[in-house]
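Raw contents of my_file-v5.txt, compact mmCIF, C-alpha atoms:
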# COMPACT_ATOMS: atom_id res chain seq x y z
CA MET A 1 27.65 15.18 -167.14
CA ALA A 2 24.13 16.52 -167.25
CA SER A 3 23.52 20.25 -167.13
CA GLY A 4 20.61 22.57 -167.69
CA GLN A 5 19.74 24.31 -170.91
CA THR A 6 20.93 27.82 -171.61
CA PRO A 7 17.81 30.02 -171.34
CA SER A 8 16.34 31.83 -174.30
CA GLN A 9 16.47 35.64 -174.48
CA THR A 10 14.84 38.04 -176.91
CA ILE A 11 16.39 38.67 -180.31
CA GLY A 12 15.87 42.42 -179.67
CA PRO A 13 15.56 45.03 -182.43
CA PHE A 14 19.13 45.14 -183.79
CA PHE A 15 19.66 41.69 -185.36
CA GLY A 16 19.19 42.70 -188.99
CA PRO A 17 22.73 43.34 -190.25
CA ALA A 18 23.97 40.24 -188.44
CA LEU A 19 21.33 37.71 -189.42
CA ILE A 20 19.52 38.89 -192.54
CA ARG A 21 21.22 38.60 -195.91
CA PRO A 22 19.51 39.02 -199.27
CA GLY A 23 18.77 35.67 -200.85
CA LEU A 24 18.06 33.69 -197.70
CA GLU A 25 14.34 34.04 -198.49
CA MET A 26 14.81 32.64 -202.02
CA MET A 27 14.73 28.95 -201.20
CA ALA A 28 13.77 27.59 -204.62
CA ARG A 29 15.98 27.83 -207.69
CA PRO A 30 14.74 27.33 -211.25
CA ALA A 31 15.96 23.71 -211.15
CA THR A 32 14.22 22.89 -207.85
CA ARG A 33 11.65 20.13 -208.33
CA GLY A 34 8.05 20.67 -207.31
CA GLU A 35 5.32 23.27 -207.38
CA HIS A 36 6.97 26.66 -207.03
CA LEU A 37 5.14 29.22 -204.95
CA ILE A 38 5.42 32.44 -203.00
CA ILE A 39 4.36 32.58 -199.37
CA GLU A 40 3.78 36.02 -198.00
CA GLY A 41 1.95 37.66 -195.16
CA ARG A 42 2.16 40.08 -192.27
CA VAL A 43 3.10 39.81 -188.64
CA LEU A 44 0.63 41.68 -186.44
CA ASP A 45 0.55 42.45 -182.72
CA GLY A 46 -2.33 42.51 -180.24
CA ASP A 47 -3.50 45.89 -181.60
CA ARG A 48 -3.30 44.64 -185.20
CA ALA A 49 -0.29 46.91 -185.65
CA ALA A 50 2.46 45.75 -187.98
CA VAL A 51 5.43 44.10 -186.30
CA THR A 52 8.22 45.66 -188.29
CA ASP A 53 11.19 44.04 -186.54
CA ALA A 54 10.43 40.32 -186.58
CA MET A 55 12.63 37.59 -187.99
CA ILE A 56 10.90 34.63 -189.63
CA GLU A 57 12.65 31.34 -190.30
CA ILE A 58 11.08 28.43 -192.15
CA TRP A 59 12.14 24.81 -192.53
CA GLN A 60 10.47 22.33 -194.82
CA ALA A 61 10.72 19.06 -196.70
CA ASN A 62 11.32 18.91 -200.44
CA ALA A 63 8.66 18.10 -203.03
CA GLU A 64 8.99 14.37 -202.29
CA GLY A 65 8.44 14.89 -198.59
CA ARG A 66 12.02 14.41 -197.43
CA TYR A 67 14.05 16.71 -195.20
CA ASP A 68 17.64 17.44 -196.19
CA HIS A 69 18.99 16.16 -192.88
CA PRO A 70 20.88 13.00 -191.88
CA GLU A 71 18.12 11.84 -189.53
CA ASP A 72 15.56 11.72 -192.33
CA THR A 73 16.30 8.26 -193.67
CA GLN A 74 13.12 7.83 -195.72
CA GLU A 75 13.58 6.19 -199.10
CA LYS A 76 12.70 9.32 -201.01
CA LEU A 77 14.93 11.35 -203.27
CA LEU A 78 16.85 14.37 -202.06
CA ASP A 79 16.89 17.40 -204.35
CA ALA A 80 20.37 18.87 -204.92
CA HIS A 81 18.67 22.18 -205.68
CA PHE A 82 16.68 22.47 -202.46
CA HIS A 83 17.75 22.58 -198.83
CA GLY A 84 14.53 23.79 -197.22
CA PHE A 85 15.69 26.60 -194.94
CA GLY A 86 14.65 30.22 -195.34
CA ARG A 87 15.14 33.32 -193.24
CA THR A 88 13.85 36.86 -193.63
CA ALA A 89 12.80 39.89 -191.62
CA THR A 90 9.52 41.79 -191.76
CA ASP A 91 9.58 45.14 -193.57
CA ALA A 92 8.21 48.55 -192.52
CA ALA A 93 4.67 47.28 -193.12
CA GLY A 94 5.21 44.07 -191.19
CA ARG A 95 5.34 41.99 -194.38
CA TYR A 96 7.48 38.94 -195.11
CA ARG A 97 7.89 36.86 -198.25
CA PHE A 98 9.49 33.54 -199.18
CA GLN A 99 9.97 31.97 -202.57
CA THR A 100 9.81 28.22 -202.16
CA ILE A 101 8.04 25.04 -203.24
CA ARG A 102 5.16 23.03 -201.89
CA PRO A 103 6.60 20.30 -199.67
CA GLY A 104 5.52 16.67 -199.93
CA PRO A 105 3.93 14.91 -196.94
CA VAL A 106 6.13 13.44 -194.21
CA PRO A 107 5.14 10.82 -191.63
CA ASP A 108 4.57 11.56 -187.96
CA ARG A 109 5.95 9.42 -185.15
CA ARG A 110 3.31 6.74 -185.62
CA ALA A 111 3.91 6.59 -189.38
CA THR A 112 0.65 8.44 -190.06
CA LEU A 113 1.18 10.74 -193.01
CA GLN A 114 1.15 14.41 -191.99
CA ALA A 115 -0.37 16.89 -194.39
CA PRO A 116 2.18 19.01 -196.28
CA HIS A 117 3.32 21.85 -194.02
CA ILE A 118 6.06 24.39 -193.51
CA ASN A 119 7.60 24.81 -190.05
CA VAL A 120 7.84 28.43 -188.93
CA ALA A 121 9.87 30.10 -186.16
CA ILE A 122 9.16 33.72 -185.21
CA PHE A 123 11.59 35.91 -183.27
CA ALA A 124 11.03 39.55 -182.32
CA ARG A 125 11.69 42.24 -179.80
CA GLY A 126 9.12 41.60 -177.08
CA LEU A 127 9.29 37.81 -177.50
CA LEU A 128 11.51 36.21 -174.88
CA GLN A 129 11.28 32.83 -176.62
CA ARG A 130 10.83 32.04 -180.27
CA LEU A 131 7.32 31.14 -181.33
CA ALA A 132 6.74 28.06 -183.45
CA THR A 133 3.86 27.49 -185.83
CA ARG A 134 3.10 25.64 -189.08
CA ILE A 135 1.77 26.74 -192.44
CA TYR A 136 -0.68 24.26 -193.99
CA PHE A 137 -2.06 24.43 -197.52
CA PRO A 138 -5.62 25.18 -198.59
CA ASP A 139 -7.52 22.50 -200.54
CA GLU A 140 -5.31 19.72 -199.20
CA LEU A 141 -7.13 16.44 -198.59
CA LEU A 142 -4.59 15.27 -196.00
CA ASN A 143 -5.46 18.23 -193.75
CA ALA A 144 -8.54 16.30 -192.59
CA THR A 145 -6.41 13.53 -191.08
CA ASP A 146 -3.33 15.49 -190.05
CA PRO A 147 -2.57 14.61 -186.41
CA VAL A 148 -1.21 18.04 -185.54
CA LEU A 149 -4.11 19.97 -187.09
CA ASN A 150 -6.49 17.63 -185.33
CA SER A 151 -4.83 18.41 -181.98
CA VAL A 152 -5.94 22.05 -182.40
CA PRO A 153 -9.42 23.15 -181.33
CA PRO A 154 -11.52 23.38 -184.54
CA ALA A 155 -12.29 27.07 -184.02
CA ARG A 156 -8.58 27.93 -184.15
CA ARG A 157 -7.47 25.48 -186.84
CA GLY A 158 -8.00 27.99 -189.62
CA THR A 159 -5.17 30.17 -188.35
CA LEU A 160 -2.75 27.47 -189.54
CA ILE A 161 -4.03 27.25 -193.11
CA ALA A 162 -2.74 29.67 -195.73
CA SER A 163 -5.16 31.29 -198.16
CA ALA A 164 -4.66 31.12 -201.91
CA GLY A 165 -4.02 34.36 -203.74
CA ALA A 166 -3.35 35.13 -207.38
CA GLY A 167 -0.61 33.52 -209.44
CA GLY A 168 0.57 30.79 -207.10
CA THR A 169 0.90 33.08 -204.10
CA LEU A 170 -0.15 31.87 -200.68
CA HIS A 171 -1.04 34.29 -197.93
CA PHE A 172 -0.34 33.55 -194.26
CA ASP A 173 -0.62 36.23 -191.58
CA ILE A 174 0.91 35.64 -188.17
CA VAL A 175 -1.14 37.26 -185.39
CA LEU A 176 0.89 37.28 -182.19
CA GLN A 177 -1.92 38.09 -179.80
CA GLY A 178 -5.69 38.46 -179.60
CA ASP A 179 -8.94 36.76 -180.54
CA ASP A 180 -7.70 35.47 -183.86
CA GLU A 181 -4.24 34.75 -182.51
CA THR A 182 -2.28 32.28 -184.62
CA VAL A 183 -1.91 28.86 -183.04
CA PHE A 184 1.61 28.42 -181.68
CA PHE A 185 3.13 25.10 -180.72
CA ASP A 186 5.23 24.05 -177.77
CA ILE A 187 7.84 22.06 -179.65
CA MET B 1 9.59 3.90 -190.60
CA ASN B 2 12.26 5.82 -188.77
CA SER B 3 12.95 5.14 -185.13
CA LEU B 4 13.31 8.75 -184.13
CA THR B 5 14.28 10.29 -180.85
CA GLY B 6 12.80 13.66 -180.00
CA TYR B 7 14.32 16.40 -177.88
CA ARG B 8 13.86 16.74 -174.15
CA ARG B 9 11.43 19.27 -172.71
CA GLU B 10 12.93 22.01 -170.60
CA ALA B 11 12.89 21.98 -166.84
CA PRO B 12 10.27 24.35 -165.36
CA GLY B 13 11.64 27.88 -164.99
CA ALA B 14 14.60 27.32 -167.30
CA HIS B 15 13.25 29.53 -170.07
CA PRO B 16 11.42 32.84 -169.76
CA PRO B 17 7.67 32.89 -170.33
CA ASN B 18 6.78 35.22 -173.18
CA THR B 19 4.32 37.00 -170.90
CA HIS B 20 6.56 39.07 -168.64
CA PRO B 21 4.91 42.31 -167.44
CA ALA B 22 8.20 44.04 -166.54
CA TYR B 23 9.23 43.87 -170.21
CA ALA B 24 7.10 46.52 -171.94
CA SER B 25 7.67 45.27 -175.49
CA SER B 26 6.03 41.97 -174.57
CA HIS B 27 2.67 43.54 -173.68
CA LYS B 28 1.23 43.56 -177.20
CA ARG B 29 3.38 40.80 -178.63
CA ALA B 30 3.26 37.87 -176.22
CA PRO B 31 0.57 35.34 -177.22
CA LEU B 32 -2.28 34.98 -174.73
CA HIS B 33 -3.15 31.37 -175.56
CA GLU B 34 -1.09 28.54 -174.18
CA PRO B 35 1.00 26.96 -176.92
CA ILE B 36 -0.22 23.52 -177.98
CA ARG B 37 2.17 20.72 -177.09
CA LEU B 38 3.40 18.94 -180.18
CA ALA B 39 5.06 15.52 -180.09
CA HIS B 40 8.24 15.72 -182.13
CA THR B 41 8.11 14.39 -185.68
CA LEU B 42 10.68 14.52 -188.46
CA SER B 43 9.65 18.16 -188.89
CA GLU B 44 10.99 19.13 -185.46
CA ILE B 45 13.81 16.58 -185.17
CA THR B 46 15.45 17.63 -188.42
CA GLY B 47 16.68 21.16 -188.98
CA PRO B 48 18.69 23.39 -191.28
CA GLY B 49 22.08 22.68 -189.70
CA ALA B 50 24.96 24.82 -190.89
CA GLY B 51 25.39 23.77 -194.51
CA TRP B 52 23.17 26.57 -195.85
CA GLU B 53 25.79 29.21 -195.17
CA GLU B 54 29.55 29.47 -195.52
CA THR B 55 31.59 31.00 -192.75
CA ARG B 56 35.03 32.54 -193.10
CA THR B 57 37.72 32.43 -190.45
CA ALA B 58 37.91 36.22 -190.39
CA GLU B 59 34.30 36.42 -189.19
CA ALA B 60 35.38 35.12 -185.77
CA ASP B 61 37.50 38.25 -185.17
CA LEU B 62 35.47 41.46 -184.82
CA THR B 63 38.36 43.71 -183.78
CA HIS B 64 39.40 44.90 -187.27
CA ARG B 65 37.29 46.60 -189.91
CA ASN B 66 37.84 49.13 -192.68
CA GLY B 67 41.59 49.04 -192.20
CA GLY B 68 41.58 49.96 -188.53
CA GLU B 69 41.28 48.54 -185.03
CA ALA B 70 38.04 48.68 -183.05
CA LEU B 71 38.06 50.88 -179.96
CA GLY B 72 37.47 49.37 -176.56
CA GLU B 73 38.64 46.59 -174.30
CA ARG B 74 39.56 43.57 -176.45
CA ILE B 75 38.12 40.28 -175.20
CA VAL B 76 38.11 36.64 -176.22
CA VAL B 77 34.86 34.74 -175.77
CA ALA B 78 35.37 30.99 -175.98
CA GLY B 79 33.47 27.93 -174.89
CA ARG B 80 31.66 24.81 -175.98
CA VAL B 81 28.23 24.16 -177.37
CA LEU B 82 26.88 21.07 -175.61
CA ASP B 83 23.64 19.24 -175.11
CA GLU B 84 22.13 18.49 -171.71
CA ASP B 85 24.05 15.23 -171.48
CA GLY B 86 27.34 17.05 -171.97
CA ARG B 87 27.76 15.84 -175.55
CA ALA B 88 29.45 18.24 -177.94
CA VAL B 89 27.32 19.87 -180.63
CA PRO B 90 29.80 19.83 -183.54
CA HIS B 91 29.84 21.98 -186.67
CA THR B 92 26.93 24.16 -185.65
CA LEU B 93 26.66 27.81 -186.64
CA VAL B 94 27.12 30.48 -183.95
CA GLU B 95 26.09 33.98 -185.01
CA ILE B 96 26.68 36.97 -182.71
CA TRP B 97 25.88 40.66 -182.69
CA GLN B 98 26.57 43.37 -180.12
CA ALA B 99 26.91 47.08 -179.38
CA ASN B 100 30.32 48.71 -179.66
CA ALA B 101 32.40 49.75 -176.65
CA ALA B 102 30.37 52.95 -176.34
CA GLY B 103 27.07 51.07 -176.18
CA ARG B 104 25.92 51.79 -179.74
CA TYR B 105 24.77 49.32 -182.40
CA ASP B 106 25.71 49.89 -186.01
CA HIS B 107 22.01 49.75 -186.89
CA PRO B 108 19.73 52.37 -188.44
CA THR B 109 17.15 52.28 -185.65
CA ASP B 110 19.63 52.64 -182.77
CA ARG B 111 19.18 56.28 -181.72
CA HIS B 112 21.39 56.18 -178.64
CA ASP B 113 23.56 59.31 -178.52
CA ALA B 114 26.87 57.45 -178.39
CA PRO B 115 29.51 57.33 -181.13
CA LEU B 116 29.68 54.71 -183.86
CA ASP B 117 33.06 53.11 -184.44
CA PRO B 118 33.97 52.84 -188.14
CA HIS B 119 36.25 49.96 -187.25
CA PHE B 120 33.61 47.83 -185.53
CA SER B 121 30.47 46.23 -186.99
CA GLY B 122 29.58 44.14 -183.96
CA ILE B 123 28.80 41.12 -186.17
CA GLY B 124 30.55 37.78 -185.98
CA ARG B 125 30.08 34.16 -187.07
CA VAL B 126 31.86 30.94 -186.31
CA LEU B 127 31.26 27.20 -186.65
CA THR B 128 31.87 24.97 -183.65
CA GLY B 129 34.63 22.40 -184.06
CA ALA B 130 34.22 18.63 -183.88
CA ASP B 131 34.46 18.94 -180.09
CA GLY B 132 31.80 21.69 -179.92
CA THR B 133 34.30 24.45 -179.16
CA TYR B 134 34.16 27.96 -180.58
CA ARG B 135 36.29 31.08 -180.07
CA LEU B 136 35.55 34.71 -180.88
CA MET B 137 37.70 37.84 -180.54
CA THR B 138 35.77 41.08 -180.03
CA VAL B 139 35.60 44.13 -177.76
CA LYS B 140 33.56 44.36 -174.59
CA PRO B 141 30.19 45.91 -175.46
CA GLY B 142 29.05 49.02 -173.59
CA ALA B 143 25.86 49.25 -171.56
CA TYR B 144 23.18 51.43 -173.14
CA PRO B 145 19.90 53.07 -172.16
CA TRP B 146 16.52 51.90 -173.44
CA ARG B 147 13.00 53.11 -172.86
CA ASN B 148 11.45 50.17 -171.07
CA HIS B 149 11.05 52.25 -167.87
CA TYR B 150 12.54 55.39 -166.34
CA ASN B 151 16.37 55.29 -166.34
CA ALA B 152 16.48 51.81 -167.83
CA TRP B 153 19.87 50.48 -168.96
CA ARG B 154 20.70 47.18 -170.61
CA PRO B 155 23.60 45.35 -168.98
CA GLN B 156 26.59 44.70 -171.23
CA HIS B 157 25.67 41.74 -173.43
CA ILE B 158 26.39 39.86 -176.64
CA HIS B 159 23.53 38.30 -178.64
CA PHE B 160 24.04 34.64 -179.63
CA SER B 161 22.09 32.67 -182.25
CA LEU B 162 22.49 28.88 -182.49
CA PHE B 163 20.85 26.04 -184.38
CA GLY B 164 21.91 22.67 -183.00
CA PRO B 165 20.81 19.52 -184.81
CA GLY B 166 17.07 20.18 -185.17
CA PHE B 167 14.36 22.76 -185.75
CA ALA B 168 13.41 22.21 -182.09
CA THR B 169 16.93 22.96 -180.77
CA ARG B 170 17.05 26.49 -182.21
CA LEU B 171 18.14 29.02 -179.58
CA ILE B 172 18.64 32.77 -179.52
CA THR B 173 20.03 34.12 -176.27
CA GLN B 174 22.26 36.78 -174.73
CA MET B 175 25.57 36.44 -172.91
CA TYR B 176 26.21 38.72 -169.94
CA PHE B 177 29.34 39.60 -167.96
CA PRO B 178 30.12 38.68 -164.36
CA GLY B 179 29.70 41.36 -161.70
CA ASP B 180 27.58 43.70 -163.83
CA PRO B 181 25.46 45.77 -161.39
CA LEU B 182 22.80 46.28 -164.07
CA LEU B 183 21.90 42.57 -164.12
CA ALA B 184 19.81 42.91 -160.96
CA LEU B 185 17.74 45.65 -162.62
CA ASP B 186 17.29 44.17 -166.09
CA PRO B 187 13.82 42.81 -166.92
CA ILE B 188 15.10 40.74 -169.85
CA PHE B 189 17.77 38.91 -167.82
CA ASN B 190 15.33 38.53 -164.91
CA SER B 191 12.59 37.12 -167.15
CA VAL B 192 14.17 33.70 -166.57
CA PRO B 193 12.35 32.43 -163.47
CA ASP B 194 15.01 30.05 -162.12
CA ALA B 195 18.10 31.71 -160.59
CA LYS B 196 20.38 28.81 -161.51
CA ALA B 197 19.20 28.98 -165.11
CA ARG B 198 19.75 32.76 -165.14
CA ALA B 199 23.32 32.23 -163.95
CA ARG B 200 23.97 30.15 -167.07
CA LEU B 201 23.64 33.36 -169.10
CA ILE B 202 26.69 34.92 -167.41
CA ALA B 203 30.13 34.23 -168.85
CA ALA B 204 33.02 33.46 -166.47
CA PHE B 205 36.28 35.35 -166.50
CA ALA B 206 38.97 32.80 -167.46
CA ILE B 207 42.69 33.43 -167.21
CA ASP B 208 43.37 30.40 -169.40
CA VAL B 209 41.30 31.97 -172.19
CA THR B 210 43.04 35.32 -171.70
CA VAL B 211 45.68 36.11 -174.33
CA PRO B 212 48.82 37.65 -172.77
CA GLU B 213 49.45 41.26 -173.82
CA ARG B 214 46.30 41.14 -175.96
CA ALA B 215 42.84 40.38 -174.58
CA LEU B 216 40.97 39.29 -171.46
CA GLY B 217 39.23 35.94 -171.75
CA TYR B 218 35.68 34.87 -170.92
CA ARG B 219 34.30 31.36 -171.04
CA PHE B 220 30.70 30.89 -172.13
CA ASP B 221 29.38 27.36 -172.63
CA ILE B 222 25.99 27.06 -174.28
CA VAL B 223 23.74 24.09 -173.50
CA LEU B 224 21.12 23.08 -176.07
CA ARG B 225 18.34 20.55 -175.56
CA GLY B 226 19.35 16.94 -175.08
CA ARG B 227 17.65 13.87 -176.51
CA ASP B 228 14.63 12.15 -175.05
CA ALA B 229 15.35 8.87 -173.35
CA THR B 230 12.84 6.97 -175.47
CA PRO B 231 12.55 6.87 -179.26
CA ALA B 232 9.62 8.66 -180.78
CA GLY B 233 8.57 5.77 -182.99
CA ILE B 234 6.18 4.21 -180.50
Would you kindly transcribe this structure into structure tokens?
Amino acid sequence: MASGQTPSQTIGPFFGPALIRPGLEMMARPATRGEHLIIEGRVLDGDRAAVTDAMIEIWQANAEGRYDHPEDTQEKLLDAHFHGFGRTATDAAGRYRFQTIRPGPVPDRRATLQAPHINVAIFARGLLQRLATRIYFPDELLNATDPVLNSVPPARRGTLIASAGAGGTLHFDIVLQGDDETVFFDI
Amino acid sequence: MNSLTGYRREAPGAHPPNTHPAYASSHKRAPLHEPIRLAHTLSEITGPGAGWEETRTAEADLTHRNGGEALGERIVVAGRVLDEDGRAVPHTLVEIWQANAAGRYDHPTDRHDAPLDPHFSGIGRVLTGADGTYRLMTVKPGAYPWRNHYNAWRPQHIHFSLFGPGFATRLITQMYFPGDPLLALDPIFNSVPDAKARARLIAAFAIDVTVPERALGYRFDIVLRGRDATPAGI
């Protein structure tokens, strides 16, 4: 029997004790294969004010470019020390931080290799639906041919590419609204 | 390569647009650009599932905490998590949070002048069974004021967070109660354009879910996105 989807509603401001537990943002363990890195940034609103009550979830492939999921049947190795899911909330300055690894490339639906990327979902008071975006990596040759990046107007593409900081840290701000608004996807 | 099937797009009006002027918090937070349509790839079809977190049976019963019983009207909320074709979504994580019977969240930023209940956290978790069913025991949450507009009150509600099989099936929503007069006045509930879709947010009183001598029962089925008819590998 077919029936309609249950509509989305906002996460509101009071989700923290229910959804956020320390450690969910530490996705990589010492034994996890691949290039370990920190991704951090801020969530900002249309006035460039910090969004201090957002939840960020990320989902990514392992260093080989395989998702830990039964529908990813690629002949690539799984990593027993990496699942690929992270969740955190922004702090009083609107900052978030994940400790993870650089994912390998995964194919798109036409078997074109996508550039390495991290899938991001953003929930917050004031957002009636979750926002979806992707974090791409700077200095990545595959970015030039990535089908998703190439579907974005060139002037806005840069909002999807993290910037390199010191000591293996990548910086990725999420701007919810305005001229330099982050590109969000209808997924 | 994989022959992958993506997830179905929603019917128009089934989900709220992020830009909703009656909801003040959206004014500076809703994106102004249209989101860019993305054909589903492995990145959207796969998802974290439930294996990243363990759940304990006790987390499905919110009515005891710190050695005492929560105050308020005990209720059972039970139902199924399904996709649009009526197929069960098995072993998926359901996380809930809610105000106590007085309309107060156990949260540092909730300033509503209503009492906390030391015996109620308002937090629950449960995995759906192989047939997509879940069951939670809690107390009916109170309505509470908020500052969206003059004399604004949120209808009684329970927040639900669900994953489903993929990154694209992720859903956070709210469950409301039948007959609540505040529903007609609530900008969050009314942000959903289609009236039939809105009605899917309201649980149904169910005598067969009701536990004799113990708790009133409500049925709340949650429908996640179904699969596309055609595989994505074309």
Rows by chain and residue number, chain A within 6 Å of chain B, shortest pair, all atoms listed in the file, as a Markdown table:
| residue | atom | partner | partner_atom | distance |
| --- | --- | --- | --- | --- |
| A:Met1 | CA | B:Gly86 | CA | 5.2 |
| A:Ala2 | CA | B:Asp85 | CA | 4.4 |
| A:Ser3 | CA | B:Glu84 | CA | 5.1 |
| A:Gly4 | CA | B:Glu84 | CA | 5.9 |
| A:Gln5 | CA | B:Val223 | CA | 4.8 |
| A:Thr6 | CA | B:Val223 | CA | 5.0 |
| A:Pro7 | CA | B:His15 | CA | 4.8 |
| A:Ser8 | CA | B:Thr173 | CA | 4.8 |
| A:Gln9 | CA | B:Thr173 | CA | 4.3 |
| A:Ala18 | CA | B:Ile123 | CA | 5.4 |
| A:Asp45 | CA | B:Arg29 | CA | 5.2 |
| A:Gly46 | CA | B:Lys28 | CA | 4.8 |
| A:His69 | CA | B:Thr46 | CA | 5.9 |
| A:Phe85 | CA | B:Pro48 | CA | 5.7 |
| A:Asp108 | CA | B:Thr41 | CA | 5.1 |
| A:Arg109 | CA | B:Gly233 | CA | 5.0 |
| A:Arg110 | CA | B:Gly233 | CA | 6.0 |
| A:Gly126 | CA | B:Ser26 | CA | 4.0 |
| A:Leu127 | CA | B:Asn18 | CA | 5.6 |
| A:Leu128 | CA | B:Asn18 | CA | 5.1 |
| A:Leu176 | CA | B:Pro31 | CA | 5.3 |
| A:Gln177 | CA | B:Pro31 | CA | 4.5 |
| A:Phe184 | CA | B:Pro35 | CA | 5.0 |
| A:Phe185 | CA | B:Ile36 | CA | 4.6 |
| A:Asp186 | CA | B:Arg37 | CA | 4.6 |
| A:Ile187 | CA | B:Leu38 | CA | 5.5 |
Distance criterion (only C-alpha atoms): nearest to A:Pro105 out of A:Leu24, A:Ala63, A:Ala166, A:Ile56: A:Ala63
Among listed residues B:Ala102, B:Ala60, B:Ala88, B:Ala184, nearest B:Pro145 (using all atoms listed in the file): B:Ala102
Neighbour list for A:Leu77 as JSON, numbers by chain, cut-off 9 Å, only C-alpha atoms, skip fewer than 6 positions in-chain: {"A": [62, 64, 65, 66]}
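Within 10 Å of the point (-6.8, 29.4, -198.7) in file coordinates, and counting only C-alpha atoms, lie the residues Tyr136, Phe137, Pro138, Asp139, Glu140, Gly158, Ile161, Ala162, Ser163, Ala164, Gly165, Leu170, His171 and Phe172 of chain A.
Interatomic distance, atom CA of A:Leu113 to atom CA of A:Pro147: 8.5 Å.
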Computed interatomic separation between atom CA of B:Ala78 and atom CA of B:Ala206 (Å): 9.4 Å
B:His119 surroundings by all atoms listed in the file, 6 Å radius, close-in-sequence under 2 positions cut, as a list in words: His64, Arg65, Asn66, Gly68, Glu69, Ala70 and Asp117 of chain B
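Comparing the minimum interatomic distances between B:His157 and each of B:Leu127, B:Ala143, B:Leu182, B:Val94, counting all atoms listed in the file, we find that B:Ala143 sits nearest.
Put simply, atom CA of B:Thr133 is 21.2 Å away from atom CA of A:Leu19.
The smallest atom-to-atom distance between A:Thr169 and any of A:Phe123, A:Phe15, A:Trp59, A:Phe98, using only C-alpha atoms, is found for A:Phe98.
Minimum distance to A:Val43 across A:Gly94, A:Pro153, A:Gly84, A:Gly23 (counting only C-alpha atoms) occurs at A:Gly94.
Closest approach to A:Gln99 from the set A:Ile39, A:Leu131, A:Leu160, A:Ala115 is made by A:Ile39, with distances taken over all atoms listed in the file.
Protein, DNA and RNA residues at most 10 Å from (10.0, 43.9, -189.0), with all atoms listed in the file, are these: Pro13, Gly16, Arg42, Val43, Leu44, Ala50, Val51, Thr52, Asp53, Ala54, Met55, Ile56, Thr88, Ala89, Thr90, Asp91, Ala92, Ala93, Gly94, Arg95, Tyr96, Phe123, Ala124 and Arg125 of chain A.
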Taking the partial coordinates given, rebuild stretch 125-134 of chain B to contain N, CA, C and O atoms; return it as a compact mmCIF listing (two decimals), in the coordinates of the input.
# COMPACT_ATOMS: atom_id res chain seq x y z
N ARG B 125 30.61 35.51 -186.83
CA ARG B 125 30.08 34.16 -187.07
C ARG B 125 31.20 33.16 -186.94
O ARG B 125 32.34 33.43 -187.34
N VAL B 126 30.86 31.99 -186.43
CA VAL B 126 31.86 30.94 -186.31
C VAL B 126 31.12 29.60 -186.28
O VAL B 126 29.97 29.52 -185.85
N LEU B 127 31.79 28.56 -186.77
CA LEU B 127 31.26 27.20 -186.65
C LEU B 127 31.95 26.53 -185.48
O LEU B 127 33.17 26.70 -185.28
N THR B 128 31.21 25.74 -184.71
CA THR B 128 31.87 24.97 -183.65
C THR B 128 32.73 23.87 -184.29
O THR B 128 32.42 23.38 -185.39
N GLY B 129 33.78 23.49 -183.58
CA GLY B 129 34.63 22.40 -184.06
C GLY B 129 34.00 21.05 -183.78
O GLY B 129 32.88 20.95 -183.25
N ALA B 130 34.72 20.00 -184.11
CA ALA B 130 34.22 18.63 -183.88
C ALA B 130 33.95 18.37 -182.41
O ALA B 130 33.12 17.53 -182.05
N ASP B 131 34.65 19.10 -181.53
CA ASP B 131 34.46 18.94 -180.09
C ASP B 131 33.50 19.99 -179.51
O ASP B 131 33.41 20.16 -178.30
N GLY B 132 32.79 20.71 -180.38
CA GLY B 132 31.80 21.69 -179.92
C GLY B 132 32.39 23.03 -179.50
O GLY B 132 31.65 23.91 -179.07
N THR B 133 33.70 23.20 -179.63
CA THR B 133 34.30 24.45 -179.16
C THR B 133 34.15 25.56 -180.20
O THR B 133 34.06 25.31 -181.41
N TYR B 134 34.15 26.78 -179.70
CA TYR B 134 34.16 27.96 -180.58
C TYR B 134 35.02 29.02 -179.89
O TYR B 134 35.28 28.95 -178.68
